[in-house]
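One file, target33.cif, carrying mmCIF, C-alpha atoms and all ligand atoms:
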data_protein
#
loop_
_atom_site.label_atom_id
_atom_site.label_comp_id
_atom_site.auth_asym_id
_atom_site.auth_seq_id
_atom_site.Cartn_x
_atom_site.Cartn_y
_atom_site.Cartn_z
CA MET A 1 20.08 -11.51 0.54
CA ASP A 2 22.67 -12.07 -2.22
CA LEU A 3 25.32 -9.56 -3.25
CA ARG A 4 23.31 -8.43 -6.29
CA GLY A 5 20.36 -7.62 -4.04
CA LEU A 6 22.55 -5.70 -1.63
CA VAL A 7 24.06 -3.64 -4.44
CA ALA A 8 20.60 -2.96 -5.94
CA ARG A 9 19.25 -1.81 -2.58
CA ALA A 10 22.25 0.43 -1.90
CA PHE A 11 22.00 1.89 -5.42
CA CYS A 12 18.27 2.58 -5.22
CA LEU A 13 18.56 4.29 -1.85
CA SER A 14 21.53 6.43 -2.83
CA TRP A 15 19.55 9.44 -3.99
CA ASP A 16 16.10 10.99 -3.74
CA ILE A 17 14.90 11.43 -7.33
CA SER A 18 12.14 13.84 -6.30
CA LYS A 19 15.00 16.35 -5.82
CA PHE A 20 15.22 16.44 -9.63
CA GLY A 21 11.76 18.00 -9.83
CA CYS A 22 9.58 14.92 -10.35
CA MET A 23 6.80 13.59 -8.09
CA MET A 24 5.95 17.07 -6.83
CA SER A 25 3.08 15.92 -4.69
CA PRO A 26 2.08 17.41 -1.31
CA VAL A 27 1.18 13.86 -0.23
CA ARG A 28 4.75 12.71 -0.95
CA LYS A 29 6.17 15.64 1.03
CA MET A 30 3.84 14.82 3.91
CA PHE A 31 4.99 11.18 4.04
CA ASP A 32 8.64 12.26 3.82
CA GLY A 33 7.94 14.46 6.84
CA ILE A 34 6.47 11.73 9.06
CA ALA A 35 8.61 8.79 7.86
CA ASN A 36 10.83 8.59 10.95
CA ARG A 37 7.86 8.09 13.30
CA TYR A 38 5.58 6.25 10.85
CA ASP A 39 6.09 2.66 12.04
CA PHE A 40 5.79 3.54 15.71
CA LEU A 41 2.57 5.56 15.27
CA ASN A 42 1.07 2.99 12.92
CA HIS A 43 1.41 0.23 15.51
CA PHE A 44 0.51 2.54 18.41
CA LEU A 45 -2.68 4.00 16.88
CA SER A 46 -3.94 0.60 15.71
CA CYS A 47 -2.88 -1.10 19.00
CA GLY A 48 -0.78 -3.49 16.93
CA GLN A 49 -3.75 -4.60 14.81
CA ASP A 50 -2.07 -3.50 11.56
CA ILE A 51 0.57 -6.20 12.09
CA LEU A 52 -2.11 -8.89 12.39
CA TRP A 53 -4.01 -7.55 9.34
CA ARG A 54 -0.89 -7.71 7.14
CA ARG A 55 -0.20 -11.26 8.34
CA THR A 56 -3.73 -12.38 7.49
CA CYS A 57 -3.44 -10.81 4.02
CA CYS A 58 -0.21 -12.70 3.34
CA ARG A 59 -1.60 -16.03 4.59
CA GLU A 60 -4.65 -15.61 2.36
CA ILE A 61 -2.44 -15.20 -0.69
CA ARG A 62 -0.24 -18.18 0.29
CA ARG A 63 -3.29 -20.47 -0.01
CA LEU A 64 -3.69 -19.39 -3.65
CA ARG A 65 -0.11 -20.40 -4.58
CA PRO A 66 0.63 -17.43 -6.86
CA GLY A 67 3.81 -16.87 -8.89
CA LYS A 68 6.86 -15.37 -7.22
CA ARG A 69 7.11 -11.84 -8.60
CA LEU A 70 6.04 -9.43 -5.87
CA LEU A 71 5.39 -5.70 -5.85
CA ASP A 72 4.69 -4.03 -2.50
CA LEU A 73 3.08 -0.89 -3.92
CA CYS A 74 2.82 2.28 -1.82
CA GLY A 75 4.97 0.04 0.33
CA GLY A 76 6.42 2.82 2.52
CA THR A 77 8.75 1.41 5.16
CA GLY A 78 8.32 -2.13 3.84
CA ASP A 79 6.34 -3.91 6.58
CA PHE A 80 4.03 -5.60 4.06
CA ALA A 81 6.96 -6.95 2.00
CA VAL A 82 8.70 -8.19 5.17
CA THR A 83 5.53 -10.03 6.26
CA TYR A 84 4.89 -11.42 2.77
CA GLU A 85 8.38 -12.92 2.50
CA LYS A 86 8.01 -14.40 5.98
CA PHE A 87 4.85 -16.30 4.99
CA ASN A 88 5.52 -16.91 1.29
CA GLY A 89 9.30 -17.44 1.17
CA VAL A 90 11.94 -15.91 -1.04
CA GLN A 91 10.54 -14.34 -4.22
CA ASP A 92 12.13 -14.40 -7.69
CA VAL A 93 11.46 -10.66 -7.94
CA ALA A 94 10.54 -8.42 -5.02
CA ILE A 95 10.10 -4.66 -5.39
CA LEU A 96 9.17 -2.13 -2.73
CA GLY A 97 7.61 0.77 -4.66
CA ASP A 98 6.79 4.17 -3.17
CA PHE A 99 7.25 7.81 -4.15
CA SER A 100 8.45 8.90 -0.71
CA TYR A 101 12.22 8.58 -0.35
CA GLY A 102 11.91 9.10 3.41
CA MET A 103 9.47 6.19 3.75
CA LEU A 104 11.63 3.89 1.59
CA LYS A 105 14.66 4.71 3.71
CA GLY A 106 12.66 3.45 6.69
CA ALA A 107 12.88 -0.04 5.16
CA ALA A 108 16.68 -0.08 5.39
CA GLY A 109 17.80 -2.75 7.83
CA LYS A 110 14.47 -4.64 7.76
CA LYS A 111 14.38 -8.35 6.92
CA THR A 112 13.37 -8.13 3.29
CA ALA A 113 15.07 -8.76 -0.03
CA ALA A 114 12.69 -6.32 -1.74
CA VAL A 115 14.53 -3.69 -3.76
CA PRO A 116 13.24 -0.17 -3.00
CA VAL A 117 12.21 1.75 -6.11
CA GLN A 118 11.06 5.36 -5.96
CA LEU A 119 8.06 5.48 -8.29
CA ASP A 120 4.64 6.94 -8.88
CA ALA A 121 1.91 4.28 -8.52
CA MET A 122 -0.08 6.08 -11.23
CA LYS A 123 2.64 5.52 -13.84
CA MET A 124 5.02 2.72 -13.01
CA PRO A 125 8.34 1.99 -14.74
CA PHE A 126 7.47 -1.69 -15.30
CA ALA A 127 6.44 -3.76 -18.31
CA ASP A 128 2.89 -5.09 -18.69
CA GLY A 129 2.35 -8.29 -16.67
CA ALA A 130 5.62 -7.90 -14.74
CA PHE A 131 4.22 -9.13 -11.37
CA ASP A 132 2.17 -12.03 -9.99
CA VAL A 133 1.20 -10.33 -6.74
CA ILE A 134 0.73 -6.69 -5.78
CA LEU A 135 0.21 -5.69 -2.16
CA ASN A 136 -1.22 -2.28 -1.43
CA GLY A 137 -1.40 -1.47 2.28
CA PHE A 138 -3.15 1.81 3.09
CA GLY A 139 -1.95 3.36 -0.17
CA MET A 140 -5.02 3.36 -2.46
CA ARG A 141 -6.74 6.10 -0.48
CA ASN A 142 -3.74 8.37 -0.99
CA LEU A 143 -3.68 8.14 -4.78
CA PRO A 144 -5.00 11.16 -6.71
CA ASP A 145 -7.40 8.84 -8.58
CA ALA A 146 -8.28 5.33 -7.37
CA GLU A 147 -9.53 4.31 -10.82
CA GLY A 148 -6.25 5.29 -12.50
CA GLY A 149 -4.34 3.47 -9.74
CA LEU A 150 -6.38 0.30 -10.25
CA LYS A 151 -5.86 0.43 -14.03
CA GLU A 152 -2.12 0.83 -13.63
CA SER A 153 -1.96 -2.06 -11.12
CA ALA A 154 -3.95 -4.25 -13.55
CA ARG A 155 -1.48 -3.36 -16.31
CA VAL A 156 1.62 -4.47 -14.41
CA LEU A 157 -0.05 -7.65 -13.06
CA SER A 158 0.00 -10.87 -15.07
CA ALA A 159 -3.36 -12.41 -16.06
CA GLY A 160 -4.69 -14.26 -13.00
CA GLY A 161 -2.32 -12.32 -10.68
CA TYR A 162 -3.52 -10.99 -7.33
CA LEU A 163 -3.93 -7.50 -5.90
CA GLN A 164 -4.37 -7.51 -2.13
CA VAL A 165 -5.65 -4.15 -0.87
CA LEU A 166 -5.62 -3.47 2.86
CA GLU A 167 -7.33 -0.15 3.43
CA PHE A 168 -9.49 2.12 5.56
CA PHE A 169 -12.64 2.84 3.54
CA SER A 170 -15.22 5.56 3.98
CA PRO A 171 -17.35 4.51 6.96
CA ARG A 172 -20.85 3.19 6.31
CA ASN A 173 -22.01 1.26 9.38
CA VAL A 174 -22.96 2.93 12.69
CA PHE A 175 -19.87 1.73 14.59
CA ASN A 176 -17.50 2.98 11.87
CA LYS A 177 -19.27 6.30 11.43
CA PHE A 178 -19.00 6.91 15.19
CA PHE A 179 -15.36 5.82 15.21
CA TYR A 180 -14.19 7.85 12.19
CA LYS A 181 -16.44 10.91 12.46
CA VAL A 182 -16.50 11.39 16.24
CA LEU A 183 -13.70 9.52 18.03
CA ALA A 184 -10.87 9.54 15.48
CA PRO A 185 -10.93 13.35 14.81
CA LEU A 186 -10.65 13.87 18.59
CA PHE A 187 -7.69 11.65 19.42
CA ILE A 188 -5.71 10.88 16.23
CA PRO A 189 -4.58 14.47 15.40
CA VAL A 190 -3.72 15.09 19.08
CA LEU A 191 -1.54 11.97 19.28
CA GLY A 192 -0.12 12.83 15.86
CA ALA A 193 0.82 16.31 17.11
CA PHE A 194 2.45 14.87 20.21
CA PHE A 195 4.57 12.23 18.47
CA SER A 196 4.85 13.51 14.89
CA LYS A 197 2.94 16.15 12.82
CA ARG A 198 -0.65 17.20 13.51
CA ASP A 199 -1.61 18.10 9.92
CA ALA A 200 -0.50 14.68 8.63
CA TYR A 201 -2.76 12.92 11.11
CA GLU A 202 -5.66 15.30 10.36
CA TYR A 203 -5.11 14.33 6.72
CA LEU A 204 -5.26 10.65 7.71
CA VAL A 205 -8.75 10.99 9.22
CA ASN A 206 -10.05 13.22 6.40
CA SER A 207 -8.68 10.96 3.68
CA ILE A 208 -10.61 8.02 5.16
CA ILE A 209 -13.89 9.95 5.34
CA ARG A 210 -13.42 11.27 1.80
CA PHE A 211 -12.47 7.87 0.30
CA LEU A 212 -14.88 5.43 -1.35
CA PRO A 213 -16.99 3.02 0.68
CA VAL A 214 -15.66 -0.53 0.23
CA LYS A 215 -18.63 -1.59 -1.93
CA ASP A 216 -17.98 1.21 -4.44
CA PHE A 217 -14.26 0.43 -4.47
CA VAL A 218 -14.97 -3.21 -5.37
CA ALA A 219 -17.34 -2.11 -8.17
CA LEU A 220 -14.63 0.23 -9.48
CA ALA A 221 -12.06 -2.59 -9.44
CA GLU A 222 -14.47 -4.88 -11.30
CA ARG A 223 -14.84 -2.25 -14.03
CA ASN A 224 -11.07 -1.87 -14.31
CA GLY A 225 -9.58 -5.28 -14.93
CA PHE A 226 -10.28 -7.24 -11.74
CA GLU A 227 -12.63 -9.86 -10.40
CA LEU A 228 -13.34 -10.10 -6.70
CA VAL A 229 -11.96 -13.01 -4.69
CA HIS A 230 -13.28 -11.73 -1.34
CA VAL A 231 -13.81 -8.72 0.92
CA LYS A 232 -13.15 -9.27 4.63
CA PRO A 233 -13.59 -6.77 7.47
CA CYS A 234 -10.75 -6.24 9.95
CA PHE A 235 -11.84 -5.35 13.49
CA PHE A 236 -15.55 -4.75 12.77
CA GLY A 237 -14.78 -2.96 9.51
CA VAL A 238 -12.28 -0.40 10.83
CA ALA A 239 -10.26 -1.63 7.82
CA TYR A 240 -10.95 -4.14 5.02
CA ARG A 241 -8.94 -6.70 3.10
CA VAL A 242 -10.01 -6.66 -0.54
CA LEU A 243 -8.47 -9.51 -2.53
CA LEU A 244 -8.78 -9.10 -6.30
CA ARG A 245 -7.73 -11.29 -9.23
CA ARG A 246 -6.58 -9.73 -12.48
CA LYS A 247 -8.92 -10.79 -15.30
CA SER A 248 -7.37 -12.69 -18.18
CA MET A 249 -8.27 -9.91 -20.64
CA LEU A 250 -8.19 -6.18 -19.95
CA ALA A 251 -10.55 -3.71 -21.62
CA GLY A 252 -7.78 -2.70 -24.08
CA GLY A 253 -7.57 -6.35 -25.19
CA ASP A 254 -4.13 -7.28 -23.81
CA ALA A 255 -3.77 -10.61 -21.99
C1 LIG B 1 -0.16 5.01 4.74
S1 LIG B 1 1.34 4.67 3.93
C2 LIG B 1 1.34 2.92 3.84
C3 LIG B 1 2.70 2.30 3.92
C4 LIG B 1 2.72 0.77 3.96
N1 LIG B 1 2.14 0.19 2.77
C5 LIG B 1 2.04 0.21 5.18
O1 LIG B 1 1.35 -0.81 5.06
O2 LIG B 1 2.24 0.74 6.28
C6 LIG B 1 0.93 5.12 2.29
C7 LIG B 1 2.13 5.14 1.37
O3 LIG B 1 1.69 5.39 0.04
C8 LIG B 1 2.67 6.17 -0.60
N2 LIG B 1 2.05 6.80 -1.77
C9 LIG B 1 0.98 7.63 -1.80
N3 LIG B 1 0.71 8.01 -3.06
C10 LIG B 1 1.63 7.40 -3.85
C11 LIG B 1 1.87 7.40 -5.25
N4 LIG B 1 1.13 8.11 -6.10
N5 LIG B 1 2.89 6.66 -5.72
C12 LIG B 1 3.68 5.94 -4.89
N6 LIG B 1 3.50 5.91 -3.55
C13 LIG B 1 2.49 6.63 -3.03
C14 LIG B 1 3.14 7.14 0.46
O4 LIG B 1 4.39 7.69 0.18
C15 LIG B 1 3.15 6.22 1.70
O5 LIG B 1 4.40 5.65 1.93
#

As structure tokens - that is how I would like this structure written.
Ligand SMILES: C[S@@+](CC[C@H](N)C(=O)[O-])C[C@H]1O[C@@H](n2cnc3c(N)ncnc32)[C@H](O)[C@@H]1O
Amino acid sequence: MDLRGLVARAFCLSWDISKFGCMMSPVRKMFDGIANRYDFLNHFLSCGQDILWRRTCCREIRRLRPGKRLLDLCGGTGDFAVTYEKFNGVQDVAILGDFSYGMLKGAAGKKTAAVPVQLDAMKMPFADGAFDVILNGFGMRNLPDAEGGLKESARVLSAGGYLQVLEFFSPRNVFNKFFYKVLAPLFIPVLGAFFSKRDAYEYLVNSIIRFLPVKDFVALAERNGFELVHVKPCFFGVAYRVLLRRKSMLAGGDA
């Protein structure tokens, strides 16, 4: 990373702007509270699968040869940005955006040039069309309104840019219903309590059950500025990769 990047990273991580009374969300507080154990539990609970899923997402985008302005949105501790840069090389612009200061601090020391920016995904401090690729790993489900989040992502993407969503969707097939409604509520909160915070891991399971099924999410994206490239299941549909392309014209008429 060049000196400018180092200075930008140090500057952005020098204070927690939520201390000034903005981003007063219980979800943000929850992620701040589990940030120090987040990476470990993520890999542990998914038996390392999350690492493979992020890699596959980044390889899929590489084949499409997009432009080099990257936003890792709801990027947390930065694993998606790290993986993206590994497979897609140095970017002209790379931003790690999240509203949790604790999660962003978890990216310090990782191999990424992405500059951490504390922001709300529902209202981002970026110009229209500022990015060619947005990654959103396990963040969509946490937004107060998926439709608003999709609209805002479409706004900051350039026409033809890509949004790669890696997410746990509301279970629909028998295997997933059994996994998320019977198994997961038994073991995830218990392991969460042991290693981190029980209520955060209860929230994790509930947020998946309450979220949209993948089919409805795709339909919502198609009504809000995107066309579908593909939907792929990860590990029998425990998670899905939803790759979307930003349409050339948005409903408001801007290119
Ligand atoms: C489950 S973590 C995912 C982190 C990372 N993308 C990954 O792949 O592991 C979800 C992240 O979304 C962030 N988040 C949730 N709602 C947000 C919002 N409205 N604006 C910005 N970040 C948000 C949380 O702070 C958290 O870091």

Enumerate, in order of chain and increasing residue number, the residues of chain A with an atom no farther than 9 Å from ligand LIG 1 (chain B), each with its shortest atom pair and distance in Å to one decimal, counting only C-alpha atoms and all ligand atoms, as a tab-separated table.
residue	atom	partner	partner_atom	distance
A:Met23	CA	B:LIG1	N4	8.1
A:Ser25	CA	B:LIG1	N4	8.2
A:Val27	CA	B:LIG1	C9	6.4
A:Arg28	CA	B:LIG1	O4	5.2
A:Lys29	CA	B:LIG1	O4	8.2
A:Met30	CA	B:LIG1	O4	8.1
A:Phe31	CA	B:LIG1	O4	5.2
A:Asp32	CA	B:LIG1	O4	7.2
A:Ala35	CA	B:LIG1	O5	7.9
A:Tyr38	CA	B:LIG1	O2	7.9
A:Asp39	CA	B:LIG1	O2	7.2
A:Asn42	CA	B:LIG1	O2	7.1
A:Asp50	CA	B:LIG1	O1	7.8
A:Ile51	CA	B:LIG1	O1	8.9
A:Arg54	CA	B:LIG1	O1	7.5
A:Asp72	CA	B:LIG1	N1	7.2
A:Leu73	CA	B:LIG1	N6	6.8
A:Cys74	CA	B:LIG1	O3	3.8
A:Gly75	CA	B:LIG1	N1	3.7
A:Gly76	CA	B:LIG1	O5	3.5
A:Thr77	CA	B:LIG1	C4	6.2
A:Gly78	CA	B:LIG1	C4	6.3
A:Asp79	CA	B:LIG1	O1	6.1
A:Phe80	CA	B:LIG1	O1	5.6
A:Ala81	CA	B:LIG1	N1	8.6
A:Gly97	CA	B:LIG1	C12	6.5
A:Asp98	CA	B:LIG1	N6	3.7
A:Phe99	CA	B:LIG1	C12	4.1
A:Ser100	CA	B:LIG1	O4	4.3
A:Tyr101	CA	B:LIG1	O4	7.9
A:Gly102	CA	B:LIG1	O4	8.3
A:Met103	CA	B:LIG1	O5	5.4
A:Leu104	CA	B:LIG1	O5	7.4
A:Gln118	CA	B:LIG1	C12	7.5
A:Leu119	CA	B:LIG1	C12	5.6
A:Asp120	CA	B:LIG1	N5	3.6
A:Ala121	CA	B:LIG1	N5	3.8
A:Met122	CA	B:LIG1	N4	5.6
A:Lys123	CA	B:LIG1	N5	8.2
A:Met124	CA	B:LIG1	N5	8.6
A:Leu135	CA	B:LIG1	N1	7.9
A:Asn136	CA	B:LIG1	N1	5.9
A:Gly137	CA	B:LIG1	N1	3.9
A:Phe138	CA	B:LIG1	C1	4.7
A:Gly139	CA	B:LIG1	O3	4.2
A:Met140	CA	B:LIG1	C9	7.4
A:Arg141	CA	B:LIG1	C9	8.0
A:Asn142	CA	B:LIG1	C9	4.8
A:Leu143	CA	B:LIG1	N3	4.7
A:Pro144	CA	B:LIG1	N4	6.9
A:Asp145	CA	B:LIG1	N4	8.9
A:Gly149	CA	B:LIG1	N4	8.0
A:Leu166	CA	B:LIG1	O1	7.8
A:Glu167	CA	B:LIG1	O1	8.9
A:Leu204	CA	B:LIG1	C1	8.2

Next item on the list: Find, counting only C-alpha atoms, the residue in A:Gly21, A:Phe131, A:Ile209, A:Leu163 that gets nearest to Phe178 (chain A).
Entry: A:Ile209

Check: So which residues fall inside 12 Å of (-6.1, 11.5, 14.9) if we count only C-alpha atoms? Mind giving them as a PyMOL selection string?
Finding: chain A and resi 41-42+44-46+179-208

Notebook entry, point to check: A:Arg62, A:Arg246, A:Arg210, A:Lys86: which is nearest Thr112 (chain A), counting all atoms listed in the file?
Noted result: A:Lys86

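Ranking A:Phe211, A:Trp15, A:Phe20, A:Tyr162 by their shortest atom-to-atom distance to Pro116 (chain A), with all atoms listed in the file included, puts A:Trp15 first.
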